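Visitor: mmCIF, C-alpha atoms, pLDDT in the B column; chains and numbers go by the auth columns, saved as work_6.cif, coming up:
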data_protein
loop_
_atom_site.group_PDB
_atom_site.id
_atom_site.type_symbol
_atom_site.label_atom_id
_atom_site.label_comp_id
_atom_site.label_asym_id
_atom_site.label_seq_id
_atom_site.Cartn_x
_atom_site.Cartn_y
_atom_site.Cartn_z
_atom_site.B_iso_or_equiv
_atom_site.auth_seq_id
_atom_site.auth_asym_id
ATOM 1 C CA MET A 1 16.026 69.936 -168.769 49.00 269 A
ATOM 2 C CA GLU A 2 16.978 68.308 -172.066 53.00 270 A
ATOM 3 C CA MET A 3 17.860 64.699 -171.304 51.00 271 A
ATOM 4 C CA CYS A 4 18.554 64.060 -174.981 54.00 272 A
ATOM 5 C CA ARG A 5 21.916 65.801 -174.567 58.00 273 A
ATOM 6 C CA CYS A 6 23.433 62.700 -172.936 63.00 274 A
ATOM 7 C CA HIS A 7 21.601 60.101 -175.024 58.00 275 A
ATOM 8 C CA SER A 8 21.853 59.204 -178.677 58.00 276 A
ATOM 9 C CA ARG A 9 18.167 58.280 -178.814 55.00 277 A
ATOM 10 C CA CYS A 10 15.805 60.928 -177.563 51.00 278 A
ATOM 11 C CA ALA A 11 13.053 61.042 -174.951 44.00 279 A
ATOM 12 C CA GLN A 12 10.637 62.217 -177.634 43.00 280 A
ATOM 13 C CA GLU A 13 10.948 58.752 -179.156 47.00 281 A
ATOM 14 C CA ASN A 14 9.609 57.305 -175.874 46.00 282 A
ATOM 15 C CA HIS A 15 12.820 55.324 -175.340 51.00 283 A
ATOM 16 C CA LEU A 16 13.952 57.013 -172.137 58.00 284 A
ATOM 17 C CA LEU A 17 13.245 56.198 -168.490 69.00 285 A
ATOM 18 C CA HIS A 18 14.409 58.146 -165.447 69.00 286 A
ATOM 19 C CA LEU A 19 14.424 57.877 -161.669 83.00 287 A
ATOM 20 C CA PHE A 20 15.168 60.346 -158.860 89.00 288 A
ATOM 21 C CA SER A 21 17.769 59.503 -156.225 90.00 289 A
ATOM 22 C CA PRO A 22 16.502 59.187 -152.612 88.00 290 A
ATOM 23 C CA ASP A 23 17.710 62.697 -151.747 87.00 291 A
ATOM 24 C CA GLY A 24 16.123 64.201 -154.860 86.00 292 A
ATOM 25 C CA LYS A 25 19.406 65.773 -155.968 86.00 293 A
ATOM 26 C CA HIS A 26 20.171 63.362 -158.812 89.00 294 A
ATOM 27 C CA ILE A 27 18.323 61.666 -161.646 91.00 295 A
ATOM 28 C CA ALA A 28 19.434 58.533 -163.467 93.00 296 A
ATOM 29 C CA SER A 29 18.109 58.293 -167.039 91.00 297 A
ATOM 30 C CA ALA A 30 18.532 55.329 -169.347 89.00 298 A
ATOM 31 C CA GLY A 31 17.264 54.083 -172.668 84.00 299 A
ATOM 32 C CA PHE A 32 17.758 52.298 -175.961 88.00 300 A
ATOM 33 C CA ASP A 33 21.263 53.660 -176.483 89.00 301 A
ATOM 34 C CA GLY A 34 22.591 51.480 -173.619 91.00 302 A
ATOM 35 C CA VAL A 35 23.773 54.544 -171.690 92.00 303 A
ATOM 36 C CA THR A 36 22.779 55.593 -168.176 93.00 304 A
ATOM 37 C CA ALA A 37 23.166 59.335 -167.611 92.00 305 A
ATOM 38 C CA ILE A 38 23.439 60.918 -164.167 92.00 306 A
ATOM 39 C CA TRP A 39 21.956 64.395 -163.698 91.00 307 A
ATOM 40 C CA GLU A 40 22.599 66.705 -160.748 89.00 308 A
ATOM 41 C CA PHE A 41 20.450 69.575 -159.484 83.00 309 A
ATOM 42 C CA GLY A 42 22.645 72.665 -159.756 79.00 310 A
ATOM 43 C CA GLU A 43 22.726 76.131 -158.246 77.00 311 A
ATOM 44 C CA ASP A 44 20.761 77.550 -161.165 78.00 312 A
ATOM 45 C CA GLU A 45 17.930 75.155 -160.272 74.00 313 A
ATOM 46 C CA GLU A 46 18.517 73.112 -163.408 82.00 314 A
ATOM 47 C CA PHE A 47 19.594 69.493 -163.738 83.00 315 A
ATOM 48 C CA VAL A 48 22.987 69.123 -165.441 88.00 316 A
ATOM 49 C CA CYS A 49 24.411 65.896 -166.874 89.00 317 A
ATOM 50 C CA ILE A 50 27.494 65.083 -164.763 90.00 318 A
ATOM 51 C CA ALA A 51 28.289 61.516 -165.839 91.00 319 A
ATOM 52 C CA THR A 52 27.442 58.866 -168.412 91.00 320 A
ATOM 53 C CA LEU A 53 27.680 55.207 -167.424 93.00 321 A
ATOM 54 C CA GLU A 54 28.501 52.958 -170.358 93.00 322 A
ATOM 55 C CA GLY A 55 29.038 49.234 -170.661 92.00 323 A
ATOM 56 C CA HIS A 56 25.697 47.569 -171.427 94.00 324 A
ATOM 57 C CA GLU A 57 25.607 46.090 -174.916 93.00 325 A
ATOM 58 C CA ASN A 58 21.889 46.777 -175.470 93.00 326 A
ATOM 59 C CA GLU A 59 19.174 49.086 -174.169 93.00 327 A
ATOM 60 C CA VAL A 60 18.913 49.648 -170.439 94.00 328 A
ATOM 61 C CA LYS A 61 15.540 48.430 -169.225 94.00 329 A
ATOM 62 C CA SER A 62 15.584 49.611 -165.614 94.00 330 A
ATOM 63 C CA VAL A 63 17.499 51.700 -163.071 95.00 331 A
ATOM 64 C CA SER A 64 17.227 51.651 -159.277 95.00 332 A
ATOM 65 C CA TRP A 65 18.877 53.717 -156.538 94.00 333 A
ATOM 66 C CA ALA A 66 19.725 52.028 -153.230 92.00 334 A
ATOM 67 C CA ALA A 67 18.132 53.563 -150.135 89.00 335 A
ATOM 68 C CA ASN A 68 21.425 55.142 -149.062 86.00 336 A
ATOM 69 C CA GLY A 69 21.809 56.847 -152.457 88.00 337 A
ATOM 70 C CA THR A 70 25.388 55.632 -152.991 88.00 338 A
ATOM 71 C CA LEU A 71 24.613 52.616 -155.161 92.00 339 A
ATOM 72 C CA LEU A 72 22.825 52.359 -158.494 94.00 340 A
ATOM 73 C CA ALA A 73 21.690 49.206 -160.268 96.00 341 A
ATOM 74 C CA THR A 74 20.947 48.974 -163.991 96.00 342 A
ATOM 75 C CA SER A 75 19.518 46.107 -166.025 96.00 343 A
ATOM 76 C CA SER A 76 19.552 45.507 -169.737 96.00 344 A
ATOM 77 C CA ARG A 77 18.454 43.490 -172.706 95.00 345 A
ATOM 78 C CA ASP A 78 22.008 42.114 -172.707 96.00 346 A
ATOM 79 C CA ARG A 79 20.871 39.812 -169.822 96.00 347 A
ATOM 80 C CA SER A 80 23.027 41.510 -167.200 96.00 348 A
ATOM 81 C CA VAL A 81 22.622 43.562 -164.032 97.00 349 A
ATOM 82 C CA TRP A 82 25.304 46.136 -163.233 96.00 350 A
ATOM 83 C CA VAL A 83 25.967 47.533 -159.758 95.00 351 A
ATOM 84 C CA TRP A 84 27.549 51.013 -159.659 94.00 352 A
ATOM 85 C CA GLU A 85 28.920 52.971 -156.702 91.00 353 A
ATOM 86 C CA ILE A 86 29.270 56.739 -156.354 86.00 354 A
ATOM 87 C CA THR A 87 32.925 57.191 -155.395 85.00 355 A
ATOM 88 C CA GLY A 88 33.154 60.988 -155.582 75.00 356 A
ATOM 89 C CA ASP A 89 31.820 64.036 -157.354 72.00 357 A
ATOM 90 C CA SER A 90 30.698 62.901 -160.807 74.00 358 A
ATOM 91 C CA GLU A 91 32.590 59.623 -160.377 84.00 359 A
ATOM 92 C CA PHE A 92 31.004 56.182 -160.574 90.00 360 A
ATOM 93 C CA GLU A 93 32.736 52.820 -160.228 91.00 361 A
ATOM 94 C CA ILE A 94 31.510 49.434 -161.440 92.00 362 A
ATOM 95 C CA LEU A 95 31.280 47.115 -158.432 92.00 363 A
ATOM 96 C CA GLU A 96 29.913 44.030 -160.165 93.00 364 A
ATOM 97 C CA VAL A 97 28.384 42.701 -163.370 95.00 365 A
ATOM 98 C CA LEU A 98 25.777 40.039 -162.551 96.00 366 A
ATOM 99 C CA GLY A 99 24.979 37.645 -165.357 93.00 367 A
ATOM 100 C CA GLU A 100 22.934 34.616 -164.238 93.00 368 A
ATOM 101 C CA HIS A 101 19.752 35.564 -166.119 96.00 369 A
ATOM 102 C CA THR A 102 19.360 33.768 -169.463 96.00 370 A
ATOM 103 C CA GLN A 103 17.184 36.446 -171.092 96.00 371 A
ATOM 104 C CA ASP A 104 16.871 40.240 -170.941 95.00 372 A
ATOM 105 C CA VAL A 105 16.427 41.684 -167.454 97.00 373 A
ATOM 106 C CA LYS A 106 13.254 43.748 -167.249 95.00 374 A
ATOM 107 C CA HIS A 107 13.501 45.344 -163.809 96.00 375 A
ATOM 108 C CA VAL A 108 15.780 45.777 -160.784 96.00 376 A
ATOM 109 C CA GLN A 109 14.800 46.856 -157.281 95.00 377 A
ATOM 110 C CA TRP A 110 16.842 47.411 -154.113 94.00 378 A
ATOM 111 C CA HIS A 111 15.741 46.258 -150.678 91.00 379 A
ATOM 112 C CA PRO A 112 14.009 49.270 -149.030 89.00 380 A
ATOM 113 C CA THR A 113 16.509 49.646 -146.198 80.00 381 A
ATOM 114 C CA ASP A 114 20.220 50.202 -146.612 58.00 382 A
ATOM 115 C CA GLU A 115 21.183 46.725 -145.471 63.00 383 A
ATOM 116 C CA VAL A 116 19.797 43.310 -144.528 61.00 384 A
ATOM 117 C CA GLN A 117 20.925 41.952 -141.166 57.00 385 A
ATOM 118 C CA SER A 118 22.336 38.447 -140.865 51.00 386 A
ATOM 119 C CA LEU A 119 23.903 36.656 -137.924 45.00 387 A
ATOM 120 C CA ILE A 120 27.417 37.622 -138.998 46.00 388 A
ATOM 121 C CA ALA A 121 27.155 40.847 -140.982 54.00 389 A
ATOM 122 C CA PHE A 122 25.023 43.430 -142.758 57.00 390 A
ATOM 123 C CA ARG A 123 24.523 42.776 -146.461 72.00 391 A
ATOM 124 C CA LYS A 124 22.913 44.774 -149.250 84.00 392 A
ATOM 125 C CA LEU A 125 20.174 43.019 -151.232 88.00 393 A
ATOM 126 C CA LEU A 126 18.953 43.531 -154.806 93.00 394 A
ATOM 127 C CA ALA A 127 16.163 41.819 -156.756 96.00 395 A
ATOM 128 C CA SER A 128 15.912 41.455 -160.536 97.00 396 A
ATOM 129 C CA CYS A 129 13.336 39.896 -162.846 96.00 397 A
ATOM 130 C CA SER A 130 13.578 38.737 -166.407 96.00 398 A
ATOM 131 C CA TYR A 131 12.163 37.486 -169.663 95.00 399 A
ATOM 132 C CA ASP A 132 13.442 34.084 -168.486 96.00 400 A
ATOM 133 C CA ASP A 133 10.423 33.942 -166.083 95.00 401 A
ATOM 134 C CA THR A 134 12.591 34.085 -162.931 95.00 402 A
ATOM 135 C CA ILE A 135 13.415 36.454 -160.088 96.00 403 A
ATOM 136 C CA LYS A 136 17.020 36.605 -158.876 95.00 404 A
ATOM 137 C CA LEU A 137 18.081 37.801 -155.440 92.00 405 A
ATOM 138 C CA TRP A 138 21.579 39.256 -155.290 92.00 406 A
ATOM 139 C CA MET A 139 23.491 39.858 -152.076 86.00 407 A
ATOM 140 C CA GLU A 140 26.722 41.590 -151.230 82.00 408 A
ATOM 141 C CA ASN A 141 29.076 38.947 -149.897 72.00 409 A
ATOM 142 C CA GLY A 142 31.773 41.133 -148.365 66.00 410 A
ATOM 143 C CA GLN A 143 34.483 43.376 -149.852 65.00 411 A
ATOM 144 C CA ASN A 144 32.201 44.539 -152.695 65.00 412 A
ATOM 145 C CA TYR A 145 31.753 40.990 -154.007 79.00 413 A
ATOM 146 C CA TRP A 146 28.219 40.143 -155.144 86.00 414 A
ATOM 147 C CA ALA A 147 26.610 36.757 -155.721 85.00 415 A
ATOM 148 C CA CYS A 148 23.208 35.280 -156.545 88.00 416 A
ATOM 149 C CA ALA A 149 21.637 34.380 -153.199 85.00 417 A
ATOM 150 C CA GLY A 150 18.528 32.773 -154.611 86.00 418 A
ATOM 151 C CA SER A 151 16.415 32.201 -157.715 88.00 419 A
ATOM 152 C CA THR A 152 12.654 32.338 -157.260 88.00 420 A
ATOM 153 C CA GLU A 153 10.691 30.462 -159.896 85.00 421 A
ATOM 154 C CA GLY A 154 6.933 30.123 -160.245 90.00 422 A
ATOM 155 C CA HIS A 155 5.753 32.478 -162.961 92.00 423 A
ATOM 156 C CA THR A 156 5.102 30.837 -166.324 93.00 424 A
ATOM 157 C CA SER A 157 5.954 33.845 -168.477 95.00 425 A
ATOM 158 C CA THR A 158 8.024 37.053 -168.424 95.00 426 A
ATOM 159 C CA VAL A 159 8.304 38.712 -165.004 96.00 427 A
ATOM 160 C CA TRP A 160 7.988 42.420 -165.743 94.00 428 A
ATOM 161 C CA SER A 161 8.336 44.112 -162.374 94.00 429 A
ATOM 162 C CA VAL A 162 9.201 43.462 -158.716 96.00 430 A
ATOM 163 C CA ASP A 163 8.928 45.575 -155.578 94.00 431 A
ATOM 164 C CA PHE A 164 9.673 45.032 -151.881 94.00 432 A
ATOM 165 C CA ASP A 165 7.186 45.997 -149.199 91.00 433 A
ATOM 166 C CA PRO A 166 8.353 48.699 -146.729 89.00 434 A
ATOM 167 C CA THR A 167 9.598 46.078 -144.246 88.00 435 A
ATOM 168 C CA GLY A 168 11.627 44.231 -146.872 88.00 436 A
ATOM 169 C CA ASN A 169 10.180 40.907 -145.756 89.00 437 A
ATOM 170 C CA TYR A 170 7.903 40.524 -148.777 92.00 438 A
ATOM 171 C CA LEU A 171 8.517 40.863 -152.501 94.00 439 A
ATOM 172 C CA ALA A 172 5.721 41.364 -155.030 94.00 440 A
ATOM 173 C CA SER A 173 6.004 40.467 -158.712 94.00 441 A
ATOM 174 C CA VAL A 174 3.807 40.778 -161.798 93.00 442 A
ATOM 175 C CA SER A 175 4.066 38.746 -164.959 92.00 443 A
ATOM 176 C CA ASP A 176 2.897 38.261 -168.504 91.00 444 A
ATOM 177 C CA ASP A 177 1.134 35.145 -167.151 90.00 445 A
ATOM 178 C CA LYS A 178 -1.568 37.586 -165.864 88.00 446 A
ATOM 179 C CA SER A 179 -0.732 37.015 -162.214 90.00 447 A
ATOM 180 C CA MET A 180 0.718 38.876 -159.254 91.00 448 A
ATOM 181 C CA LYS A 181 2.608 36.941 -156.606 93.00 449 A
ATOM 182 C CA ILE A 182 3.746 37.840 -153.108 93.00 450 A
ATOM 183 C CA TRP A 183 6.944 36.120 -151.998 94.00 451 A
ATOM 184 C CA ARG A 184 7.924 35.830 -148.317 93.00 452 A
ATOM 185 C CA ARG A 185 11.471 35.841 -146.960 88.00 453 A
ATOM 186 C CA PRO A 186 11.970 32.738 -144.782 84.00 454 A
ATOM 187 C CA PRO A 187 13.220 33.498 -141.246 78.00 455 A
ATOM 188 C CA GLU A 188 16.364 31.442 -141.816 73.00 456 A
ATOM 189 C CA TRP A 189 17.088 32.837 -145.291 72.00 457 A
ATOM 190 C CA THR A 190 19.778 35.412 -144.534 66.00 458 A
ATOM 191 C CA ARG A 191 21.604 33.123 -142.102 60.00 459 A
ATOM 192 C CA ASP A 192 21.741 30.204 -144.522 62.00 460 A
ATOM 193 C CA VAL A 193 22.581 32.289 -147.596 66.00 461 A
ATOM 194 C CA VAL A 194 25.308 34.414 -146.011 59.00 462 A
ATOM 195 C CA GLY A 195 26.623 32.051 -143.368 55.00 463 A
ATOM 196 C CA ARG A 196 26.619 28.864 -145.430 63.00 464 A
ATOM 197 C CA GLY A 197 26.794 30.131 -148.994 64.00 465 A
ATOM 198 C CA ARG A 198 23.502 28.529 -150.053 72.00 466 A
ATOM 199 C CA LYS A 199 21.048 29.724 -152.706 79.00 467 A
ATOM 200 C CA ILE A 200 17.493 29.789 -151.393 79.00 468 A
ATOM 201 C CA GLY A 201 14.443 31.147 -153.169 83.00 469 A
ATOM 202 C CA TRP A 202 11.613 32.842 -151.311 89.00 470 A
ATOM 203 C CA PRO A 203 8.357 30.822 -151.107 90.00 471 A
ATOM 204 C CA CYS A 204 5.164 32.185 -152.628 90.00 472 A
ATOM 205 C CA ALA A 205 2.851 33.485 -149.888 91.00 473 A
ATOM 206 C CA LYS A 206 -0.048 34.613 -152.094 87.00 474 A
ATOM 207 C CA LEU A 207 -1.179 34.348 -155.706 86.00 475 A
ATOM 208 C CA PHE A 208 -3.553 36.857 -157.354 81.00 476 A
ATOM 209 C CA ARG A 209 -5.212 36.379 -160.751 74.00 477 A
ATOM 210 C CA LYS A 210 -7.337 39.459 -161.438 67.00 478 A
ATOM 211 C CA HIS A 211 -5.831 40.552 -164.754 66.00 479 A
ATOM 212 C CA THR A 212 -7.163 39.454 -168.126 65.00 480 A
ATOM 213 C CA ALA A 213 -3.864 40.292 -169.838 58.00 481 A
ATOM 214 C CA GLY A 214 -0.231 40.502 -168.811 59.00 482 A
ATOM 215 C CA ALA A 215 0.551 42.724 -165.789 61.00 483 A
ATOM 216 C CA TYR A 216 3.522 45.014 -166.365 61.00 484 A
ATOM 217 C CA THR A 217 4.154 47.152 -163.294 66.00 485 A
ATOM 218 C CA LEU A 218 3.385 47.442 -159.591 67.00 486 A
ATOM 219 C CA SER A 219 4.299 49.478 -156.541 68.00 487 A
ATOM 220 C CA HIS A 220 4.080 48.899 -152.795 56.00 488 A
ATOM 221 C CA GLY A 221 2.402 51.561 -150.677 57.00 489 A
ATOM 222 C CA GLN A 222 3.761 52.646 -147.299 58.00 490 A
ATOM 223 C CA ASN A 223 0.986 50.757 -145.521 54.00 491 A
ATOM 224 C CA SER A 224 1.908 47.491 -147.323 53.00 492 A
ATOM 225 C CA THR A 225 -0.806 47.837 -149.968 52.00 493 A
ATOM 226 C CA VAL A 226 0.157 46.906 -153.554 53.00 494 A
#
Would you encode the structure as structure tokens?

Guide:
Amino acid sequence: MEMCRCHSRCAQENHLLHLFSPDGKHIASAGFDGVTAIWEFGEDEEFVCIATLEGHENEVKSVSWAANGTLLATSSRDRSVWVWEITGDSEFEILEVLGEHTQDVKHVQWHPTDEVQSLIAFRKLLASCSYDDTIKLWMENGQNYWACAGSTEGHTSTVWSVDFDPTGNYLASVSDDKSMKIWRRPPEWTRDVVGRGRKIGWPCAKLFRKHTAGAYTLSHGQNSTV
């Protein structure tokens, strides 16, 4: 598979990242050219580029598939997060451009289940982290409208990566400040955010300082290890 075919800057230059969809039938690749390419596993057992998603003004830093495989989030140096929806074969639609970060957005990560339950509805949830030292929590607010549901602050330098635990009740983050933090969703969070339109950050449940330099990536295990 030659991913360079859909990108103006090549994987050999180490400027390309990629991620499999939950069903393993698609790959999203992105890089310094600001383009996200969608690849599909074909009958000849090769991945074929079926779509290119354009709109970011600078390199795409991160891509993330939602658990249901129908939504894709991308983040960029242009300080924005884009939410895309698969609307048909080889067709993607922009649902929302989220722009509350003040610096480039390093990573995006969907909640591990399809939807988060509130008292009045089911909402999809997305987390992003940035060079502005913050973590933003984005929630679908009905009829494909998205809004910032909370801004979690506490790191003192760039937040490089975030990841939910398998239950979706905890969010881990690592930062250039040499720390890892575990954030806990308050029991009343979804009710107050969705039902009352409030922005509420998640409180820090645990702080770890084991690194002697900036920490750049992390991943939750299925048994809630990090």

Visitor: Give the padded box for stretch 390-404 of chain A as JSON: axis-aligned, covering all atoms listed in the file, 6 Å on each side, centre and edge lengths in Å to one decimal.

Guide:
{"center_x": 17.7, "center_y": 39.4, "center_z": -156.2, "size_x": 26.6, "size_y": 22.8, "size_z": 38.9}

Visitor: Give me the residues within 8 Å of A:Cys472 as a VMD selection string, counting all atoms listed in the file and dropping any in the same chain fewer than 4 places off.

Guide: chain A and resid 449 to 452

Visitor: Find, counting all atoms listed in the file, the residue in A:Ala417, A:Leu475, A:Ala341, A:Val316 that gets nearest to A:Glu364.

Guide: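 Nearest to A:Glu364: A:Ala341.
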
Visitor: For each of A:Leu339, A:Ile403, A:Ala395, A:Met448, take the minimum atom-to-atom distance to A:Phe432, counting all atoms listed in the file, then give the residue where this is smallest.

Guide: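 Counting all atoms listed in the file, the residue closest to A:Phe432 is A:Ala395.
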
Visitor: Would you kindly return, as a PyMOL selection string, each protein, DNA or RNA residue with an atom no farther than 8 Å from any atom of stretch 343-352 of chain A, considering all atoms listed in the file and excluding same-chain residues fewer than 4 positions away?

Guide: chain A and resi 302+324-331+339+360-376+396

Visitor: Once the PyMOL selection byres ((chain A and resi 421) around 7) is applied to the coordinates I shared, what remains selected? I want it as a PyMOL selection string.

Guide: chain A and resi 402-403+419-420+422-423

Visitor: Every residue with an atom at most 6 Å from (19.3, 66.1, -159.9) (file coordinates; all atoms listed in the file) is what I'm after, so could you write them as a tab-separated table (two decimals) with C-alpha atoms, keeping the file's coordinate frame?

Guide:
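The resulting file, out_32.tsv, is shown below:
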chain	number	residue	atom	x	y	z
A	293	LYS	CA	19.41	65.77	-155.97
A	294	HIS	CA	20.17	63.36	-158.81
A	295	ILE	CA	18.32	61.67	-161.65
A	307	TRP	CA	21.96	64.40	-163.70
A	308	GLU	CA	22.60	66.70	-160.75
A	309	PHE	CA	20.45	69.58	-159.48
A	315	PHE	CA	19.59	69.49	-163.74

Visitor: So the first atom is atom CA of A:Lys392 and the second is atom CA of A:Ala334; what is the distance between them in Å, to one decimal place?

Guide: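 These atoms are spaced 8.9 Å apart.
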
Visitor: Could you check how far atom CA of A:Ser332 sits from atom CA of A:Ala298, in Å to one decimal?

Guide: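 Atom CA of A:Ala298 lies 10.8 Å from atom CA of A:Ser332.
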
Visitor: I'd like to see the residues matched by the PyMOL selection byres ((chain A and resi 430) around 8) on this file, and ideally I'd get them as a count of residues only.

Guide: 17

Visitor: Work out how far atom CA of A:Thr338 is from atom CA of A:Val303, in Å to one decimal.

Guide: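 For atom CA of A:Val303 relative to atom CA of A:Thr338, the distance reads 18.8 Å.
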
Visitor: Which is closer to A:Phe476 than all the others in A:Ser297, A:Ser447, A:Leu405, A:Arg453, using all atoms listed in the file?

Guide: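 The answer is A:Ser447, which sits nearest to A:Phe476.
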
Visitor: Restricting the calculation to only C-alpha atoms, which member of A:Trp333, A:Thr342, A:Asn437, A:Asp444 is positioned closest to A:Gly299?

Guide: A:Thr342

Visitor: If I only have part of stretch 428-436 of chain A, can you fill in all heavy atoms and write it as a JSON list (two decimals), in the frame of the given file?

Guide:
[["chain", "number", "residue", "atom", "x", "y", "z"],
["A", 428, "TRP", "N", 7.75, 41.06, -165.28],
["A", 428, "TRP", "CA", 7.99, 42.42, -165.74],
["A", 428, "TRP", "C", 8.46, 43.36, -164.65],
["A", 428, "TRP", "O", 9.20, 44.31, -164.91],
["A", 428, "TRP", "CB", 6.72, 42.99, -166.38],
["A", 428, "TRP", "CG", 6.36, 42.37, -167.69],
["A", 428, "TRP", "CD1", 5.44, 41.40, -167.93],
["A", 428, "TRP", "CD2", 6.95, 42.69, -168.96],
["A", 428, "TRP", "NE1", 5.40, 41.09, -169.26],
["A", 428, "TRP", "CE2", 6.32, 41.87, -169.92],
["A", 428, "TRP", "CE3", 7.93, 43.58, -169.38],
["A", 428, "TRP", "CZ2", 6.64, 41.92, -171.28],
["A", 428, "TRP", "CZ3", 8.26, 43.64, -170.72],
["A", 428, "TRP", "CH2", 7.61, 42.81, -171.66],
["A", 429, "SER", "N", 8.01, 43.14, -163.43],
["A", 429, "SER", "CA", 8.34, 44.11, -162.37],
["A", 429, "SER", "C", 8.32, 43.43, -161.01],
["A", 429, "SER", "O", 7.56, 42.48, -160.79],
["A", 429, "SER", "CB", 7.32, 45.27, -162.39],
["A", 429, "SER", "OG", 7.66, 46.26, -161.45],
["A", 430, "VAL", "N", 9.17, 43.93, -160.10],
["A", 430, "VAL", "CA", 9.20, 43.46, -158.72],
["A", 430, "VAL", "C", 9.29, 44.67, -157.80],
["A", 430, "VAL", "O", 9.81, 45.72, -158.18],
["A", 430, "VAL", "CB", 10.40, 42.52, -158.45],
["A", 430, "VAL", "CG1", 10.21, 41.18, -159.15],
["A", 430, "VAL", "CG2", 11.72, 43.16, -158.86],
["A", 431, "ASP", "N", 8.82, 44.50, -156.56],
["A", 431, "ASP", "CA", 8.93, 45.58, -155.58],
["A", 431, "ASP", "C", 8.83, 44.99, -154.17],
["A", 431, "ASP", "O", 7.98, 44.14, -153.90],
["A", 431, "ASP", "CB", 7.82, 46.61, -155.79],
["A", 431, "ASP", "CG", 8.09, 47.92, -155.05],
["A", 431, "ASP", "OD1", 9.28, 48.19, -154.75],
["A", 431, "ASP", "OD2", 7.14, 48.67, -154.79],
["A", 432, "PHE", "N", 9.72, 45.44, -153.28],
["A", 432, "PHE", "CA", 9.67, 45.03, -151.88],
["A", 432, "PHE", "C", 8.60, 45.83, -151.14],
["A", 432, "PHE", "O", 8.32, 46.98, -151.49],
["A", 432, "PHE", "CB", 11.02, 45.28, -151.20],
["A", 432, "PHE", "CG", 12.12, 44.35, -151.63],
["A", 432, "PHE", "CD1", 13.02, 44.74, -152.61],
["A", 432, "PHE", "CD2", 12.26, 43.11, -151.03],
["A", 432, "PHE", "CE1", 14.05, 43.89, -153.00],
["A", 432, "PHE", "CE2", 13.28, 42.26, -151.41],
["A", 432, "PHE", "CZ", 14.18, 42.65, -152.40],
["A", 433, "ASP", "N", 8.04, 45.23, -150.09],
["A", 433, "ASP", "CA", 7.19, 46.00, -149.20],
["A", 433, "ASP", "C", 8.07, 46.84, -148.29],
["A", 433, "ASP", "O", 9.29, 46.66, -148.26],
["A", 433, "ASP", "CB", 6.26, 45.07, -148.39],
["A", 433, "ASP", "CG", 6.94, 44.48, -147.18],
["A", 433, "ASP", "OD1", 8.10, 44.02, -147.32],
["A", 433, "ASP", "OD2", 6.34, 44.47, -146.11],
["A", 434, "PRO", "N", 7.52, 47.81, -147.54],
["A", 434, "PRO", "CA", 8.35, 48.70, -146.73],
["A", 434, "PRO", "C", 9.22, 47.99, -145.70],
["A", 434, "PRO", "O", 10.28, 48.50, -145.33],
["A", 434, "PRO", "CB", 7.33, 49.62, -146.06],
["A", 434, "PRO", "CG", 6.17, 49.65, -147.00],
["A", 434, "PRO", "CD", 6.11, 48.26, -147.57],
["A", 435, "THR", "N", 8.80, 46.81, -145.23],
["A", 435, "THR", "CA", 9.60, 46.08, -144.25],
["A", 435, "THR", "C", 10.74, 45.30, -144.89],
["A", 435, "THR", "O", 11.69, 44.91, -144.22],
["A", 435, "THR", "CB", 8.73, 45.09, -143.45],
["A", 435, "THR", "OG1", 8.33, 44.00, -144.30],
["A", 435, "THR", "CG2", 7.50, 45.78, -142.87],
["A", 436, "GLY", "N", 10.62, 45.03, -146.19],
["A", 436, "GLY", "CA", 11.63, 44.23, -146.87],
["A", 436, "GLY", "C", 11.47, 42.74, -146.67],
["A", 436, "GLY", "O", 12.29, 41.95, -147.16]]
